[in-house]
$ cat data_29.cif   # mmCIF, C-alpha atoms
data_upload
#
loop_
_atom_site.group_PDB
_atom_site.id
_atom_site.type_symbol
_atom_site.label_atom_id
_atom_site.label_comp_id
_atom_site.auth_asym_id
_atom_site.auth_seq_id
_atom_site.Cartn_x
_atom_site.Cartn_y
_atom_site.Cartn_z
ATOM 1 C CA MET A 1226 -258.098 15.564 97.881
ATOM 2 C CA ALA A 1227 -261.211 15.385 100.026
ATOM 3 C CA ASN A 1228 -261.179 17.362 103.250
ATOM 4 C CA GLN A 1229 -260.748 15.094 106.228
ATOM 5 C CA PRO A 1230 -262.901 15.700 109.330
ATOM 6 C CA PRO A 1231 -261.009 17.392 112.174
ATOM 7 C CA CYS A 1232 -259.615 15.104 114.825
ATOM 8 C CA PRO A 1233 -262.005 15.224 117.820
ATOM 9 C CA ILE A 1234 -259.224 15.470 120.376
ATOM 10 C CA LYS A 1235 -256.782 18.345 120.729
ATOM 11 C CA ARG A 1236 -253.116 18.140 121.588
ATOM 12 C CA ALA A 1237 -253.652 20.280 124.687
ATOM 13 C CA GLU A 1238 -256.200 17.780 126.032
ATOM 14 C CA ILE A 1239 -253.743 14.923 125.686
ATOM 15 C CA ILE A 1240 -250.982 16.931 127.328
ATOM 16 C CA GLU A 1241 -253.291 17.935 130.158
ATOM 17 C CA ALA A 1242 -254.188 14.268 130.723
ATOM 18 C CA LEU A 1243 -250.543 13.216 130.554
ATOM 19 C CA ARG A 1244 -249.459 15.935 132.991
ATOM 20 C CA GLU A 1245 -251.584 14.364 135.691
ATOM 21 C CA ASN A 1246 -251.301 10.683 134.742
ATOM 22 C CA HIS A 1247 -248.035 9.863 133.120
ATOM 23 C CA PRO A 1248 -246.917 7.541 131.735
ATOM 24 C CA CYS A 1249 -250.080 5.983 130.374
ATOM 25 C CA THR A 1250 -251.199 3.930 127.406
ATOM 26 C CA ALA A 1251 -253.410 4.999 124.525
ATOM 27 C CA ASN A 1252 -256.317 3.049 126.006
ATOM 28 C CA GLU A 1253 -255.990 4.845 129.324
ATOM 29 C CA LEU A 1254 -255.803 8.200 127.538
ATOM 30 C CA ALA A 1255 -258.968 7.345 125.601
ATOM 31 C CA GLU A 1256 -260.742 6.605 128.892
ATOM 32 C CA LEU A 1257 -259.450 9.780 130.518
ATOM 33 C CA THR A 1258 -260.445 12.057 127.662
ATOM 34 C CA GLY A 1259 -263.626 10.260 126.650
ATOM 35 C CA VAL A 1260 -262.657 10.101 122.979
ATOM 36 C CA THR A 1261 -262.424 7.052 120.748
ATOM 37 C CA ILE A 1262 -259.195 5.077 120.800
ATOM 38 C CA LYS A 1263 -258.770 5.590 117.066
ATOM 39 C CA SER A 1264 -258.714 9.381 117.402
ATOM 40 C CA VAL A 1265 -256.370 9.224 120.369
ATOM 41 C CA ARG A 1266 -253.959 6.959 118.487
ATOM 42 C CA ALA A 1267 -253.971 9.279 115.477
ATOM 43 C CA ARG A 1268 -253.233 12.320 117.634
ATOM 44 C CA LEU A 1269 -250.565 10.486 119.641
ATOM 45 C CA ALA A 1270 -248.772 9.401 116.477
ATOM 46 C CA SER A 1271 -248.506 12.980 115.223
ATOM 47 C CA MET A 1272 -247.346 14.233 118.628
ATOM 48 C CA VAL A 1273 -244.644 11.580 118.892
ATOM 49 C CA ARG A 1274 -243.544 12.410 115.348
ATOM 50 C CA ASP A 1275 -243.239 16.106 116.290
ATOM 51 C CA GLY A 1276 -241.307 15.254 119.448
ATOM 52 C CA ILE A 1277 -243.917 16.718 121.814
ATOM 53 C CA ILE A 1278 -244.393 13.497 123.754
ATOM 54 C CA GLN A 1279 -242.294 10.398 124.195
ATOM 55 C CA SER A 1280 -243.280 6.772 123.745
ATOM 56 C CA LYS A 1281 -241.540 3.775 125.199
ATOM 57 C CA LYS A 1282 -242.167 0.086 125.480
ATOM 58 C CA ALA A 1283 -244.029 -1.148 128.542
ATOM 59 C CA PRO A 1284 -241.949 -3.140 131.071
ATOM 60 C CA HIS A 1285 -244.042 -6.282 130.485
ATOM 61 C CA PRO A 1286 -244.472 -7.995 127.106
ATOM 62 C CA HIS A 1287 -247.882 -7.892 125.390
ATOM 63 C CA GLN A 1288 -248.566 -4.437 126.821
ATOM 64 C CA ASN A 1289 -249.181 -1.288 124.836
ATOM 65 C CA LEU A 1290 -246.749 1.576 124.412
ATOM 66 C CA LEU A 1291 -246.455 3.989 127.330
ATOM 67 C CA TYR A 1292 -246.676 7.698 126.507
ATOM 68 C CA SER A 1293 -245.181 10.442 128.669
ATOM 69 C CA LEU A 1294 -244.179 14.096 128.567
ATOM 70 C CA PRO A 1295 -240.592 15.321 128.674
ATOM 71 C CA VAL A 1296 -239.816 17.313 131.855
ATOM 72 C CA ALA A 1297 -240.115 20.682 130.073
ATOM 73 C CA GLY A 1298 -243.671 19.785 129.103
ATOM 74 C CA ILE A 1299 -244.591 18.924 132.664
ATOM 75 C CA VAL A 1300 -243.330 22.284 133.896
ATOM 76 C CA ALA A 1301 -244.753 24.463 131.108
ATOM 77 C CA GLY A 1302 -248.482 24.849 130.600
ATOM 78 C CA PRO A 1303 -250.124 22.739 127.885
ATOM 79 C CA ARG A 1304 -251.086 25.570 125.571
ATOM 80 C CA GLN A 1305 -247.675 27.209 125.552
ATOM 81 C CA TYR A 1306 -246.032 23.827 125.200
ATOM 82 C CA VAL A 1307 -248.057 22.840 122.163
ATOM 83 C CA THR A 1308 -248.147 26.079 120.246
ATOM 84 C CA GLY A 1309 -245.059 27.913 121.422
ATOM 85 C CA SER A 1310 -246.781 31.064 120.206
ATOM 86 C CA GLY A 1311 -249.363 33.591 121.290
ATOM 87 C CA THR A 1312 -249.060 36.188 123.998
ATOM 88 C CA TYR A 1313 -246.021 35.784 126.157
ATOM 89 C CA THR A 1314 -247.154 35.506 129.771
ATOM 90 C CA GLY A 1315 -245.356 35.069 133.067
ATOM 91 C CA PRO A 1316 -245.607 31.287 133.395
ATOM 92 C CA ASN A 1317 -243.964 30.992 129.975
ATOM 93 C CA TRP A 1318 -240.603 31.646 131.573
ATOM 94 C CA ALA A 1319 -240.545 27.897 132.032
ATOM 95 C CA HIS A 1320 -240.659 27.593 128.248
ATOM 96 C CA SER A 1321 -237.072 28.808 128.093
ATOM 97 C CA ALA A 1322 -236.103 25.621 129.890
ATOM 98 C CA GLY A 1323 -236.685 23.552 126.792
ATOM 99 C CA ARG A 1324 -233.033 22.658 126.252
ATOM 100 C CA PRO A 1325 -232.070 19.161 127.357
ATOM 101 C CA GLY A 1326 -230.980 18.864 130.962
ATOM 102 C CA ALA A 1327 -232.084 22.378 131.908
ATOM 103 C CA MET A 1328 -234.656 21.154 134.420
ATOM 104 C CA ASP A 1329 -232.665 18.237 135.792
ATOM 105 C CA HIS A 1330 -232.851 19.710 139.266
ATOM 106 C CA LEU A 1331 -236.535 18.739 139.302
ATOM 107 C CA LYS A 1332 -235.914 15.336 137.773
ATOM 108 C CA HIS A 1333 -233.302 14.022 140.177
ATOM 109 C CA PRO A 1334 -233.973 13.562 143.895
ATOM 110 C CA SER A 1335 -232.175 15.472 146.599
ATOM 111 C CA ARG A 1336 -229.786 13.582 148.894
ATOM 112 C CA ARG A 1337 -230.691 13.828 152.587
ATOM 113 C CA GLY A 1338 -228.245 11.833 154.660
ATOM 114 C CA ASP A 1339 -228.540 8.292 153.352
ATOM 115 C CA ALA A 1340 -231.874 8.815 151.620
ATOM 116 C CA LEU A 1341 -232.836 10.275 148.243
ATOM 117 C CA VAL A 1342 -235.863 12.557 148.494
ATOM 118 C CA PRO A 1343 -237.775 13.237 145.258
ATOM 119 C CA HIS A 1344 -238.855 16.776 144.470
ATOM 120 C CA THR A 1345 -242.574 17.226 145.169
ATOM 121 C CA GLY A 1346 -243.003 21.011 145.128
ATOM 122 C CA GLN A 1347 -244.981 20.881 148.361
ATOM 123 C CA MET A 1348 -245.358 24.107 150.328
ATOM 124 C CA VAL A 1349 -245.144 24.922 154.016
ATOM 125 C CA SER A 1350 -248.642 25.725 155.243
ATOM 126 C CA MET A 1351 -249.394 28.831 157.304
ATOM 127 C CA VAL A 1352 -250.161 28.771 161.007
ATOM 128 C CA GLY A 1353 -251.760 32.196 161.397
ATOM 129 C CA ALA A 1354 -254.518 31.337 158.958
ATOM 130 C CA ARG A 1355 -255.915 28.737 161.339
ATOM 131 C CA MET B 82 -268.236 50.490 113.358
ATOM 132 C CA LYS B 83 -267.653 49.500 116.924
ATOM 133 C CA PRO B 84 -264.420 51.087 118.175
ATOM 134 C CA ARG B 85 -261.635 48.683 118.991
ATOM 135 C CA ARG B 86 -261.026 48.335 122.676
ATOM 136 C CA THR B 87 -257.419 49.113 123.449
ATOM 137 C CA ASP B 88 -255.521 48.799 126.648
ATOM 138 C CA PRO B 89 -253.890 52.151 127.395
ATOM 139 C CA MET B 90 -251.751 50.594 130.124
ATOM 140 C CA ALA B 91 -250.365 47.764 127.985
ATOM 141 C CA ALA B 92 -246.993 49.407 127.419
ATOM 142 C CA LEU B 93 -246.571 50.242 131.088
ATOM 143 C CA ARG B 94 -247.531 46.720 132.067
ATOM 144 C CA ALA B 95 -245.026 45.246 129.644
ATOM 145 C CA LEU B 96 -242.346 47.507 131.090
ATOM 146 C CA SER B 97 -243.172 46.631 134.676
ATOM 147 C CA GLY B 98 -243.099 42.954 133.712
ATOM 148 C CA SER B 99 -239.494 43.203 132.628
ATOM 149 C CA THR B 100 -238.296 45.687 135.249
ATOM 150 C CA LYS B 101 -236.339 44.701 138.304
ATOM 151 C CA PHE B 102 -237.138 46.031 141.762
ATOM 152 C CA THR B 103 -235.669 49.370 142.784
ATOM 153 C CA GLU B 104 -233.586 49.596 145.952
ATOM 154 C CA ALA B 105 -236.545 51.132 147.804
ATOM 155 C CA GLU B 106 -238.885 48.328 146.716
ATOM 156 C CA LEU B 107 -236.275 45.710 147.606
ATOM 157 C CA THR B 108 -235.930 47.203 151.077
ATOM 158 C CA LYS B 109 -239.683 47.020 151.560
ATOM 159 C CA LEU B 110 -239.694 43.421 150.347
ATOM 160 C CA LEU B 111 -236.668 42.168 152.241
ATOM 161 C CA ILE B 112 -236.999 43.759 155.671
ATOM 162 C CA PRO B 113 -240.108 41.856 156.956
ATOM 163 C CA PRO B 114 -238.477 38.390 156.946
ATOM 164 C CA ARG B 115 -235.425 39.777 158.749
ATOM 165 C CA LEU B 116 -237.673 41.408 161.348
ATOM 166 C CA SER B 117 -239.561 38.136 161.771
ATOM 167 C CA ILE B 118 -236.304 36.250 162.338
ATOM 168 C CA GLU B 119 -235.235 38.821 164.931
ATOM 169 C CA ALA B 120 -238.599 38.625 166.694
ATOM 170 C CA ILE B 121 -238.502 34.821 166.841
ATOM 171 C CA ARG B 122 -234.874 34.908 167.935
ATOM 172 C CA TYR B 123 -235.709 37.107 170.934
ATOM 173 C CA GLY B 124 -238.689 34.975 171.929
ATOM 174 C CA LYS B 125 -241.281 37.451 170.688
ATOM 175 C CA GLY B 126 -242.238 35.555 167.546
ATOM 176 C CA LYS B 127 -245.904 35.364 166.608
ATOM 177 C CA PHE B 128 -247.704 33.160 164.135
ATOM 178 C CA ASP B 129 -247.628 36.065 161.677
ATOM 179 C CA ASP B 130 -243.827 35.961 161.793
ATOM 180 C CA PHE B 131 -243.940 32.275 160.982
ATOM 181 C CA ASP B 132 -246.298 32.951 158.080
ATOM 182 C CA THR B 133 -243.984 35.647 156.704
ATOM 183 C CA LEU B 134 -241.079 33.213 156.712
ATOM 184 C CA ALA B 135 -243.222 30.424 155.227
ATOM 185 C CA VAL B 136 -244.268 32.628 152.307
ATOM 186 C CA ILE B 137 -240.671 33.702 151.685
ATOM 187 C CA VAL B 138 -239.368 30.124 151.708
ATOM 188 C CA ASN B 139 -242.248 28.867 149.530
ATOM 189 C CA THR B 140 -241.709 31.655 146.995
ATOM 190 C CA THR B 141 -237.983 30.951 146.919
ATOM 191 C CA LEU B 142 -238.651 27.272 146.238
ATOM 192 C CA VAL B 143 -240.962 28.080 143.342
ATOM 193 C CA ARG B 144 -238.451 30.536 141.831
ATOM 194 C CA CYS B 145 -235.682 27.931 142.204
ATOM 195 C CA GLU B 146 -237.876 25.439 140.337
ATOM 196 C CA GLN B 147 -238.437 27.925 137.514
ATOM 197 C CA ILE B 148 -234.815 28.944 137.041
ATOM 198 C CA SER B 149 -233.183 26.576 134.590
ATOM 199 C CA GLY B 150 -229.762 25.106 135.199
ATOM 200 C CA ASP B 151 -228.370 23.000 137.997
ATOM 201 C CA ASN B 152 -230.304 24.347 140.966
ATOM 202 C CA THR B 153 -230.016 21.318 143.203
ATOM 203 C CA ALA B 154 -227.977 23.232 145.797
ATOM 204 C CA ALA B 155 -230.506 26.081 145.858
ATOM 205 C CA LEU B 156 -233.394 23.636 146.211
ATOM 206 C CA ASP B 157 -231.581 21.942 149.089
ATOM 207 C CA VAL B 158 -231.328 25.293 150.893
ATOM 208 C CA CYS B 159 -235.116 25.629 150.549
ATOM 209 C CA TYR B 160 -235.728 22.053 151.736
ATOM 210 C CA ASP B 161 -233.576 22.642 154.835
ATOM 211 C CA ALA B 162 -235.528 25.788 155.644
ATOM 212 C CA MET B 163 -238.834 24.003 155.038
ATOM 213 C CA ASN B 164 -237.867 21.160 157.369
ATOM 214 C CA ALA B 165 -236.919 23.728 160.004
ATOM 215 C CA LEU B 166 -240.245 25.536 159.570
ATOM 216 C CA MET B 167 -242.171 22.280 159.831
ATOM 217 C CA GLN B 168 -240.389 21.440 163.094
ATOM 218 C CA MET B 169 -241.110 24.914 164.459
ATOM 219 C CA GLN B 170 -244.744 24.638 163.445
ATOM 220 C CA ALA B 171 -245.116 21.235 165.081
ATOM 221 C CA ARG B 172 -243.595 22.477 168.333
ATOM 222 C CA ALA B 173 -245.735 25.601 168.374
ATOM 223 C CA VAL B 174 -249.017 23.882 167.570
ATOM 224 C CA ARG B 175 -248.635 20.725 169.638
ATOM 225 C CA THR B 176 -246.496 21.585 172.641
ATOM 226 C CA THR B 177 -245.155 25.037 173.444
ATOM 227 C CA GLY B 178 -247.738 27.276 171.752
ATOM 228 C CA LYS B 179 -244.920 29.639 170.822
ATOM 229 C CA ILE B 180 -242.851 30.034 167.683
ATOM 230 C CA GLY B 181 -239.187 29.488 168.465
ATOM 231 C CA PHE B 182 -235.995 28.256 166.845
ATOM 232 C CA GLY B 183 -234.522 24.868 167.689
ATOM 233 C CA ILE B 184 -230.949 23.765 167.053
ATOM 234 C CA GLY B 185 -229.769 24.715 163.581
ATOM 235 C CA GLU B 186 -233.210 25.932 162.488
ATOM 236 C CA MET B 187 -232.314 29.610 162.455
ATOM 237 C CA ASP B 188 -229.266 28.956 160.263
ATOM 238 C CA ALA B 189 -231.384 26.998 157.789
ATOM 239 C CA ILE B 190 -234.020 29.729 157.572
ATOM 240 C CA VAL B 191 -231.485 32.567 157.339
ATOM 241 C CA GLY B 192 -229.898 30.655 154.441
ATOM 242 C CA ALA B 193 -233.213 30.578 152.598
ATOM 243 C CA VAL B 194 -233.883 34.263 153.320
ATOM 244 C CA ASP B 195 -230.428 35.126 151.933
ATOM 245 C CA LEU B 196 -231.200 33.068 148.838
ATOM 246 C CA HIS B 197 -234.554 34.841 148.485
ATOM 247 C CA GLU B 198 -232.757 38.173 148.653
ATOM 248 C CA GLN B 199 -230.362 37.187 145.878
ATOM 249 C CA ILE B 200 -233.162 35.862 143.696
ATOM 250 C CA ALA B 201 -235.318 38.968 144.282
ATOM 251 C CA ARG B 202 -232.412 41.195 143.237
ATOM 252 C CA GLU B 203 -231.950 39.334 139.963
ATOM 253 C CA SER B 204 -235.617 38.661 139.107
ATOM 254 C CA THR B 205 -238.183 40.941 137.541
ATOM 255 C CA MET B 206 -241.249 42.072 139.453
ATOM 256 C CA LYS B 207 -243.464 39.894 137.324
ATOM 257 C CA GLN B 208 -241.381 36.799 137.937
ATOM 258 C CA MET B 209 -241.635 37.286 141.699
ATOM 259 C CA ALA B 210 -245.349 38.069 141.506
ATOM 260 C CA ASP B 211 -245.952 34.954 139.397
ATOM 261 C CA ALA B 212 -244.001 32.852 141.894
ATOM 262 C CA LEU B 213 -246.181 34.187 144.699
ATOM 263 C CA LYS B 214 -249.319 33.415 142.693
ATOM 264 C CA GLU B 215 -248.057 29.869 142.154
ATOM 265 C CA VAL B 216 -247.476 29.496 145.914
ATOM 266 C CA LEU B 217 -251.039 30.618 146.653
ATOM 267 C CA LYS B 218 -252.357 28.255 143.995
ATOM 268 C CA ARG B 219 -250.512 25.282 145.507
ATOM 269 C CA LEU B 220 -251.677 26.186 149.010
ATOM 270 C CA ALA B 221 -255.253 26.482 147.772
ATOM 271 C CA ARG B 222 -255.177 23.036 146.197
ATOM 272 C CA GLY B 223 -253.643 21.517 149.339
ATOM 273 C CA GLN B 224 -250.190 20.781 147.972
ATOM 274 C CA VAL B 225 -248.605 21.164 151.389
ATOM 275 C CA GLN B 226 -246.133 19.195 153.466
ATOM 276 C CA ARG B 227 -247.543 16.824 156.024
ATOM 277 C CA ARG B 228 -247.102 17.971 159.619
ATOM 278 C CA VAL B 229 -244.293 16.371 161.550
ATOM 279 C CA THR B 230 -244.649 15.085 165.095
ATOM 280 C CA ALA B 231 -243.004 17.353 167.645
#
$ encode --input "data_29.cif" --output "C-alpha cells"
Amino acid sequence: MANQPPCPIKRAEIIEALRENHPCTANELAELTGVTIKSVRARLASMVRDGIIQSKKAPHPHQNLLYSLPVAGIVAGPRQYVTGSGTYTGPNWAHSAGRPGAMDHLKHPSRRGDALVPHTGQMVSMVGAR
Amino acid sequence: MKPRRTDPMAALRALSGSTKFTEAELTKLLIPPRLSIEAIRYGKGKFDDFDTLAVIVNTTLVRCEQISGDNTAALDVCYDAMNALMQMQARAVRTTGKIGFGIGEMDAIVGAVDLHEQIARESTMKQMADALKEVLKRLARGQVQRRVTA
C-alpha cells in the first residue's frame, strides 16, 4: 500500500480551536486553522470516531454538523487530552476528571436567589497593585 | 560522545510534587489571611490585606474547579466570598477609601478562608502552586470580575 501524505492539521490544533470557539462547524474550523476543508473533515472524522470530540446536528436544517469538546477536554490542556501520555505535569490533574459527570460542577450554573449564574472562572482583581 | 544532561534534582522535585504541606508550612500559609481579616475587622485594613484575601479566594476557586466530583457547594462558598470582596473593593475605591466589611461580608470571606484551609491540608504543594499559577495567568489575561457600583 502506498504511503499516504500526513494530514496537514494536527488534533491538538483542532482542540485548541474548539476550546476557544465551540461548538463550530468544519467550515469555521477550516477558517480558524487556515487549512483546507478536506483535511479538517478527515481529521474531524477520526477524532469523532475515537470519541475525542462530539458532533451533533445544527439546530436549523441545511446546516453542517456542529463539533464540540466534552467538558473534560475543555478543562484539560490539548496535548494531554489528545495523547494521554508523556510527562505527567501539574495541570494534568484535570485529566483524572475524565469520567462522565466528574466536572458537572463547572457545567451547571449556580443558583443565586431566583437566578442561575453560569460558571465563568473569573477572578477578583487586586486593589494594591493599582 | 556528548554527555547526557541529567537533572540531579528530578527525584526531589517529584517528591515535593506529591508531598503535602507540613504543619509549619501550613501555619505560614494560613496565618496571613486570618491576620488580614482581623485587621479589616478592627478598621485597620489596608489594600494589601484585601489583596491577600483576594488571592486566597481566587486560589480556592481554581482548586475547587480542579477537584472532580460535585463541588457546587464549594464553588458557591467561593462565589459568596468573591461577591463580598467586590462590594468591599467598590466601597473602598469609590467612596470610603478604606477596606471594611459590610453586612454578611465577613462571614462569606471567613467561609472561603476555612475552605482554603481544608483544601490546603488535603492538597499537595504542587497542586496549590499550580492553582496559584493559574490565578496569576487569569489575572494577566484580564479574566476578572467587572467592578460593581458601590
$ closest_atom_pairs --input "data_29.cif" --of "chain B" --to "chain A" --cutoff "6 Å" --atoms "only C-alpha atoms" --output "CSV"
residue,atom,partner,partner_atom,distance
B:Phe128,CA,A:Gly1353,CA,5.0
B:Asp129,CA,A:Gly1353,CA,5.7
B:Asp132,CA,A:Met1351,CA,5.2
B:Ala135,CA,A:Val1349,CA,6.0
B:Asn139,CA,A:Met1348,CA,5.7
B:Gln147,CA,A:Ala1319,CA,5.9
B:Ser149,CA,A:Ala1327,CA,5.1
B:Gly150,CA,A:Ala1327,CA,4.9
B:Asp151,CA,A:His1330,CA,5.7
B:Asn152,CA,A:His1330,CA,5.6
B:Thr153,CA,A:His1330,CA,5.1
B:Gln224,CA,A:Gln1347,CA,5.2
B:Val225,CA,A:Met1348,CA,4.5
B:Gln226,CA,A:Gln1347,CA,5.5
$ write_last_selection --input "data_29.cif" --atoms "C-alpha atoms" --output "PDB file, in the frame of the given file"
ATOM      1  CA  PHE B 128    -247.704  33.160 164.135  1.00  0.00           C
ATOM      2  CA  ASP B 129    -247.628  36.065 161.677  1.00  0.00           C
ATOM      3  CA  ASP B 132    -246.298  32.951 158.080  1.00  0.00           C
ATOM      4  CA  ALA B 135    -243.222  30.424 155.227  1.00  0.00           C
ATOM      5  CA  ASN B 139    -242.248  28.867 149.530  1.00  0.00           C
ATOM      6  CA  GLN B 147    -238.437  27.925 137.514  1.00  0.00           C
ATOM      7  CA  SER B 149    -233.183  26.576 134.590  1.00  0.00           C
ATOM      8  CA  GLY B 150    -229.762  25.106 135.199  1.00  0.00           C
ATOM      9  CA  ASP B 151    -228.370  23.000 137.997  1.00  0.00           C
ATOM     10  CA  ASN B 152    -230.304  24.347 140.966  1.00  0.00           C
ATOM     11  CA  THR B 153    -230.016  21.318 143.203  1.00  0.00           C
ATOM     12  CA  GLN B 224    -250.190  20.781 147.972  1.00  0.00           C
ATOM     13  CA  VAL B 225    -248.605  21.164 151.389  1.00  0.00           C
ATOM     14  CA  GLN B 226    -246.133  19.195 153.466  1.00  0.00           C
TER      15      GLN B 226
END
$ closest_residue --input "data_29.cif" --among "B:Asp211, B:Glu146, B:Glu203, B:Glu198" --to "Lys1332 in chain A" --atoms "only C-alpha atoms"
B:Glu146
$ resolve_selection --input "data_29.cif" --expression "the PyMOL selection byres ((chain A and resi 1277) around 8)" --output "PDB file with C-alpha atoms, keeping the file's coordinate frame"
ATOM      1  CA  MET A1272    -247.346  14.233 118.628  1.00  0.00           C
ATOM      2  CA  VAL A1273    -244.644  11.580 118.892  1.00  0.00           C
ATOM      3  CA  ARG A1274    -243.544  12.410 115.348  1.00  0.00           C
ATOM      4  CA  ASP A1275    -243.239  16.106 116.290  1.00  0.00           C
ATOM      5  CA  GLY A1276    -241.307  15.254 119.448  1.00  0.00           C
ATOM      6  CA  ILE A1278    -244.393  13.497 123.754  1.00  0.00           C
ATOM      7  CA  GLN A1279    -242.294  10.398 124.195  1.00  0.00           C
ATOM      8  CA  LEU A1294    -244.179  14.096 128.567  1.00  0.00           C
ATOM      9  CA  PRO A1295    -240.592  15.321 128.674  1.00  0.00           C
ATOM     10  CA  GLY A1298    -243.671  19.785 129.103  1.00  0.00           C
ATOM     11  CA  VAL A1307    -248.057  22.840 122.163  1.00  0.00           C
TER      12      VAL A1307
END
$ resolve_selection --input "data_29.cif" --expression "the PyMOL selection byres ((chain B and resi 99) around 10)" --output "mmCIF file with C-alpha atoms, keeping the file's coordinate frame"
data_model
loop_
_atom_site.group_PDB
_atom_site.id
_atom_site.type_symbol
_atom_site.label_atom_id
_atom_site.label_comp_id
_atom_site.auth_asym_id
_atom_site.auth_seq_id
_atom_site.Cartn_x
_atom_site.Cartn_y
_atom_site.Cartn_z
ATOM 1 C CA ARG B 94 -247.531 46.720 132.067
ATOM 2 C CA ALA B 95 -245.026 45.246 129.644
ATOM 3 C CA LEU B 96 -242.346 47.507 131.090
ATOM 4 C CA SER B 97 -243.172 46.631 134.676
ATOM 5 C CA GLY B 98 -243.099 42.954 133.712
ATOM 6 C CA THR B 100 -238.296 45.687 135.249
ATOM 7 C CA LYS B 101 -236.339 44.701 138.304
ATOM 8 C CA PHE B 102 -237.138 46.031 141.762
ATOM 9 C CA SER B 204 -235.617 38.661 139.107
ATOM 10 C CA THR B 205 -238.183 40.941 137.541
ATOM 11 C CA MET B 206 -241.249 42.072 139.453
ATOM 12 C CA LYS B 207 -243.464 39.894 137.324
ATOM 13 C CA GLN B 208 -241.381 36.799 137.937
#
$ atom_distance --input "data_29.cif" --atom1 "CA of Leu213 in chain B" --atom2 "CA of Ala201 in chain B"
11.9 Å
$ atom_distance --input "data_29.cif" --atom1 "CA of Glu119 in chain B" --atom2 "CA of Met209 in chain B"
24.1 Å
$ closest_residue --input "data_29.cif" --among "B:Ile148, B:Met169, B:Ala193, B:Leu111" --to "Phe131 in chain B" --atoms "all atoms listed in the file"
B:Met169
$ residues_around --input "data_29.cif" --residues "Lys1282 in chain A" --least-positions-apart "3" --cutoff "12 Å" --atoms "all atoms listed in the file" --output "short mmCIF file (atom, residue, chain, number, x, y, z; two decimals) with C-alpha atoms, in the frame of the given file"
data_model
loop_
_atom_site.label_atom_id
_atom_site.label_comp_id
_atom_site.auth_asym_id
_atom_site.auth_seq_id
_atom_site.Cartn_x
_atom_site.Cartn_y
_atom_site.Cartn_z
CA PRO A 1248 -246.92 7.54 131.74
CA CYS A 1249 -250.08 5.98 130.37
CA THR A 1250 -251.20 3.93 127.41
CA GLN A 1279 -242.29 10.40 124.20
CA HIS A 1285 -244.04 -6.28 130.49
CA PRO A 1286 -244.47 -8.00 127.11
CA HIS A 1287 -247.88 -7.89 125.39
CA GLN A 1288 -248.57 -4.44 126.82
CA ASN A 1289 -249.18 -1.29 124.84
CA LEU A 1290 -246.75 1.58 124.41
CA LEU A 1291 -246.46 3.99 127.33
CA TYR A 1292 -246.68 7.70 126.51
CA SER A 1293 -245.18 10.44 128.67
#
$ atom_distance --input "data_29.cif" --atom1 "CA of Ala189 in chain B" --atom2 "CA of Glu106 in chain B"
25.2 Å
$ axis_aligned_box --input "data_29.cif" --around "range 214-224 of chain B" --padding-each-side "6 Å" --output "lines of an AutoDock Vina configuration file"
center_x = -251.4
center_y = 27.1
center_z = 145.7
size_x = 19.8
size_y = 24.6
size_z = 19.2
$ resolve_selection --input "data_29.cif" --expression "the PyMOL selection byres ((chain A and resi 1258) around 8)" --output "PyMOL selection string"
chain A and resi 1238-1239+1242+1254-1257+1259-1260
$ residues_around --input "data_29.cif" --residues "range 171-182 of chain B" --least-positions-apart "2" --cutoff "7 Å" --atoms "all atoms listed in the file" --output "VMD selection string"
chain B and resid 121 to 122 124 126 to 128 167 to 169 184 186 to 187 228 to 231
$ decode --input "data_29.cif" --residues "range 108-138 of chain B" --atoms "C-alpha atoms" --output "tab-separated table (two decimals), in the first residue's frame"
chain	number	residue	atom	x	y	z
B	108	THR	CA	0.88	27.72	59.61
B	109	LYS	CA	2.93	30.05	57.43
B	110	LEU	CA	0.39	29.72	54.63
B	111	LEU	CA	-2.77	30.04	56.68
B	112	ILE	CA	-1.99	32.79	59.17
B	113	PRO	CA	-1.80	35.80	56.75
B	114	PRO	CA	-5.46	35.63	55.63
B	115	ARG	CA	-6.59	35.36	59.26
B	116	LEU	CA	-4.45	38.37	60.18
B	117	SER	CA	-5.90	40.30	57.24
B	118	ILE	CA	-9.45	39.50	58.38
B	119	GLU	CA	-8.60	40.66	61.90
B	120	ALA	CA	-7.04	43.88	60.60
B	121	ILE	CA	-10.05	44.68	58.42
B	122	ARG	CA	-12.40	43.77	61.25
B	123	TYR	CA	-10.76	46.29	63.59
B	124	GLY	CA	-10.78	49.04	60.96
B	125	LYS	CA	-7.06	48.82	60.25
B	126	GLY	CA	-7.34	47.01	56.93
B	127	LYS	CA	-5.08	48.09	54.09
B	128	PHE	CA	-5.22	47.33	50.40
B	129	ASP	CA	-2.56	44.66	50.98
B	130	ASP	CA	-4.98	42.87	53.31
B	131	PHE	CA	-7.60	42.95	50.59
B	132	ASP	CA	-5.10	41.55	48.09
B	133	THR	CA	-4.17	38.72	50.46
B	134	LEU	CA	-7.82	37.73	50.77
B	135	ALA	CA	-8.38	38.09	47.01
B	136	VAL	CA	-5.50	35.73	46.24
B	137	ILE	CA	-6.75	33.19	48.79
B	138	VAL	CA	-10.30	33.24	47.42
